[in-house]
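What follows is one structure encoded as structure tokens, with my remarks underneath.
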Amino acid sequence: MTTSLMSMARDERADLAEFLATLTPQQWEAPSLCSRWTVKDVVAHTISYEELGPLGLARRFAKGWVVRANQVGVDEFADLSPEQLLDFLRAHLEPRGLTAGFGGMIALLDGTIHHQDIRRALNRPRVVPADRLERVLELAPGNPRLGAGRRIRGLRLRATDVDWEHGHGPEVTGPGEALLMAMSGRPAALADLDGPGLNALAARLRR
């Protein structure tokens with residue numbers, strides 16, 4: 001039986017919580033791959049929509065407009081300690097509210113990418129479970145919020161460690177996790193990729 005998106009999202013959050021419990025105070029304050037956000041900020045963002053109903057969500061978007069709503073959420077959680085953020089995450093392993101949208105797709109996609117934003121920045125790699133990684137790779141190209149479609153247009157992406165490929169054109173190959181992060185706009189992942197389409201992809205990420 002195929003594992004549901006919601007179940008995968010919960011597993012991803014559980015893995016993230018287990019990892020965060022190993023971090024030092026200095027690592028919580030270290031930069032992540034997300035511009036201007038520390039590891040602590042990324043964790044806050046990941047959980048900042050969990051208890052917002054429709055009215056709370058509308059207020060956040062009104063306060064920060066759509067483009068700044070994520071930062072508004074991070075700011076609202078700024079006073080919580082790492083321990084409090086971790087407790088909050090553990091209490092919200094099952095996505096709810098906005099992140100439960102599309103059967104858990106939002107939580108799974110954002111959660112996996114932001115988990116890697118933290119791990120890559122701290123040089124703490126992991127092997128993303130293959131079934132989870134393949135599902136996220138399937139979801140990424142067509143997600144308008146992620147912007148992957150415009151970055152990979154006219155290119156063929158092929159994972160070398162899981163069963164996934166997408167698109168047509170000059171090929172970009174490498175581990176599925178690196179392809180995911182590059183599609184998501186993270187130049188740090190380019191070093192793990194290869195192929196005749198790599199220069200085109202790199203140019204788009206660096207604009």
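Letters A, B, ... mark the chains of the structure tokens in the order given; residue numbers begin at 1 per chain; ligand numbers begin at 1, in order shown.
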What's the 10 Å shell around stretch 25-30 of chain A, counting only C-alpha atoms, without same-chain residues fewer than 3 positions away, as a compact mmCIF listing (two decimals) with C-alpha atoms, in the first residue's frame?
```txt
# COMPACT_ATOMS: atom_id res chain seq x y z
CA LEU A 20 17.35 19.00 16.29
CA THR A 22 21.34 16.76 18.96
CA TRP A 37 17.59 32.92 8.56
CA THR A 38 19.38 30.98 11.26
CA VAL A 39 18.68 27.34 12.02
CA LYS A 40 16.34 28.53 14.77
CA ASP A 41 14.49 30.76 12.30
CA VAL A 42 14.00 27.88 9.87
CA VAL A 43 12.56 25.69 12.61
CA SER A 81 13.92 29.11 23.06
CA PRO A 82 15.27 26.18 21.01
CA GLU A 83 13.87 23.83 23.63
CA ILE A 118 19.61 23.03 8.18
CA ALA A 121 24.44 24.41 6.42
CA LEU A 122 25.72 22.48 9.45
```
Quick one: residues within 10 Å of stretch 166-172 of chain A, only C-alpha atoms, excluding same-chain residues fewer than 2 positions away - as a list in words?
Leu137, Glu138, Pro141, Gly149, Ile152, Arg153, Gly154, Leu155, Arg156, Leu157, Arg158, Ala159, Trp164, Gly174, Leu179, Leu190, Leu193, Asp194, Gly195, Pro196, Gly197, Leu198, Asn199, Ala200 and Leu201 of chain A
Keeping only C-alpha atoms, write the selected residues to a file as a PDB file, in the first residue's frame.
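And here's part29.pdb as it stands now:
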```pdb
ATOM      1  CA  LEU A 137      10.849  15.020  -6.282  1.00  0.00           C
ATOM      2  CA  GLU A 138       7.564  14.274  -8.038  1.00  0.00           C
ATOM      3  CA  PRO A 141       8.522  20.735 -10.381  1.00  0.00           C
ATOM      4  CA  GLY A 149       9.422  25.003 -12.916  1.00  0.00           C
ATOM      5  CA  ILE A 152      14.474  23.673 -14.747  1.00  0.00           C
ATOM      6  CA  ARG A 153      12.544  24.576 -17.901  1.00  0.00           C
ATOM      7  CA  GLY A 154      14.186  23.039 -20.966  1.00  0.00           C
ATOM      8  CA  LEU A 155      16.377  20.719 -18.897  1.00  0.00           C
ATOM      9  CA  ARG A 156      16.229  17.013 -18.121  1.00  0.00           C
ATOM     10  CA  LEU A 157      16.902  16.120 -14.502  1.00  0.00           C
ATOM     11  CA  ARG A 158      17.820  12.541 -13.621  1.00  0.00           C
ATOM     12  CA  ALA A 159      18.524  11.187 -10.158  1.00  0.00           C
ATOM     13  CA  TRP A 164      13.191   9.711 -10.804  1.00  0.00           C
ATOM     14  CA  GLY A 174      23.159  13.653  -9.393  1.00  0.00           C
ATOM     15  CA  LEU A 179      18.432  17.880  -7.484  1.00  0.00           C
ATOM     16  CA  LEU A 190      25.188  22.525  -7.487  1.00  0.00           C
ATOM     17  CA  LEU A 193      25.480  17.711  -9.683  1.00  0.00           C
ATOM     18  CA  ASP A 194      26.880  17.076 -13.147  1.00  0.00           C
ATOM     19  CA  GLY A 195      25.888  16.987 -16.790  1.00  0.00           C
ATOM     20  CA  PRO A 196      25.679  19.223 -19.867  1.00  0.00           C
ATOM     21  CA  GLY A 197      22.710  21.158 -18.461  1.00  0.00           C
ATOM     22  CA  LEU A 198      24.442  22.082 -15.208  1.00  0.00           C
ATOM     23  CA  ASN A 199      25.794  25.433 -16.371  1.00  0.00           C
ATOM     24  CA  ALA A 200      22.346  26.566 -17.466  1.00  0.00           C
ATOM     25  CA  LEU A 201      20.831  25.537 -14.156  1.00  0.00           C
TER      26      LEU A 201
END
```
Shell around A:Leu98 at 8 Å using only C-alpha atoms, local window under 4 positions removed, as a ChimeraX atom specification
/A:49-50,52,106
Expressed in Å to a single decimal, how great is the separation between atom CA of A:Ala107 and atom CA of A:Ala9?
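According to the coordinates, atom CA of A:Ala107 and atom CA of A:Ala9 are separated by 5.7 Å.
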Looking at only C-alpha atoms, which of A:Asp75, A:Met8, A:His114, A:Asp15 is the one that sits closest to A:Pro95?
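Using only C-alpha atoms, the shortest distance to A:Pro95 belongs to A:Met8.
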One decimal, Å: what's the distance from atom CA of A:Thr160 over to atom CA of A:Glu18, could you say?
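Atom CA of A:Glu18 lies at a distance of 27.5 Å from atom CA of A:Thr160.
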Find the residues around A:Arg151 up to 8 Å (only C-alpha atoms counted), leave out those fewer than 3 positions away in its own chain, and share them as a ChimeraX atom specification.
/A:147-148,183,185,201,204-205
In terms of only C-alpha atoms, the residue from A:Arg13, A:Arg150, A:His45, A:Arg206 at minimal distance from A:Leu89 is A:Arg13
Nearest to A:Asp11, chosen from A:Gly111, A:Pro31, A:Gly101, A:Pro175, with only C-alpha atoms counted in the distances
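Distance minimum relative to A:Asp11 lands on A:Gly111.
Distances from A:Gly142, A:Ser35, A:Ala44, A:Thr173 to A:Leu80 were compared using only C-alpha atoms, and the smallest one belongs to A:Ala44.
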Go through A:Thr24, A:Leu139, A:Gly73, A:Gln116 one by one, measure the shortest atom-to-atom distance of each to A:Ile47 using only C-alpha atoms, and give the residue with the smallest value.
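Going through A:Thr24, A:Leu139, A:Gly73, A:Gln116 one by one, the smallest distance to A:Ile47 is for A:Gly73.
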Let's see if you can do this: from backbone DSSP, list all helix (DSSP H, G or I) residues in chain A, as a ChimeraX atom specification.
/A:5-20,25-28,39-47,54-76,82-91,97-121,130-139,148-152,176-183,187-192,198-205
Assign secondary structure with DSSP using the backbone only, and return the residues of chain A in strand (DSSP E) as a list in words.
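Written out, the strand (DSSP E) residues of chain A are Arg156, Leu157, Arg158, Ala159, Glu165, His166, Glu171, Val172, Thr173 and Gly174 of chain A.
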Using C-alpha atoms, can you write the selected residues to a file as a CSV table (one decimal), in the first residue's frame?
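Written out: again_36.csv:
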```
chain,number,residue,atom,x,y,z
A,156,ARG,CA,16.2,17.0,-18.1
A,157,LEU,CA,16.9,16.1,-14.5
A,158,ARG,CA,17.8,12.5,-13.6
A,159,ALA,CA,18.5,11.2,-10.2
A,165,GLU,CA,13.7,11.8,-13.9
A,166,HIS,CA,11.9,14.9,-15.2
A,171,GLU,CA,20.8,16.6,-18.7
A,172,VAL,CA,21.5,17.4,-15.1
A,173,THR,CA,22.4,14.4,-13.0
A,174,GLY,CA,23.2,13.7,-9.4
```
In terms of the shortest atom-to-atom distance over only C-alpha atoms, which of A:Leu33, A:Leu5, A:Leu146, A:Leu109 is closest to A:Ala188?
A:Leu33
Record the distance separating atom CA of A:Phe77 and atom CA of A:Arg145, expressed in Å with one decimal.
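Distance between the two atoms: 22.5 Å.
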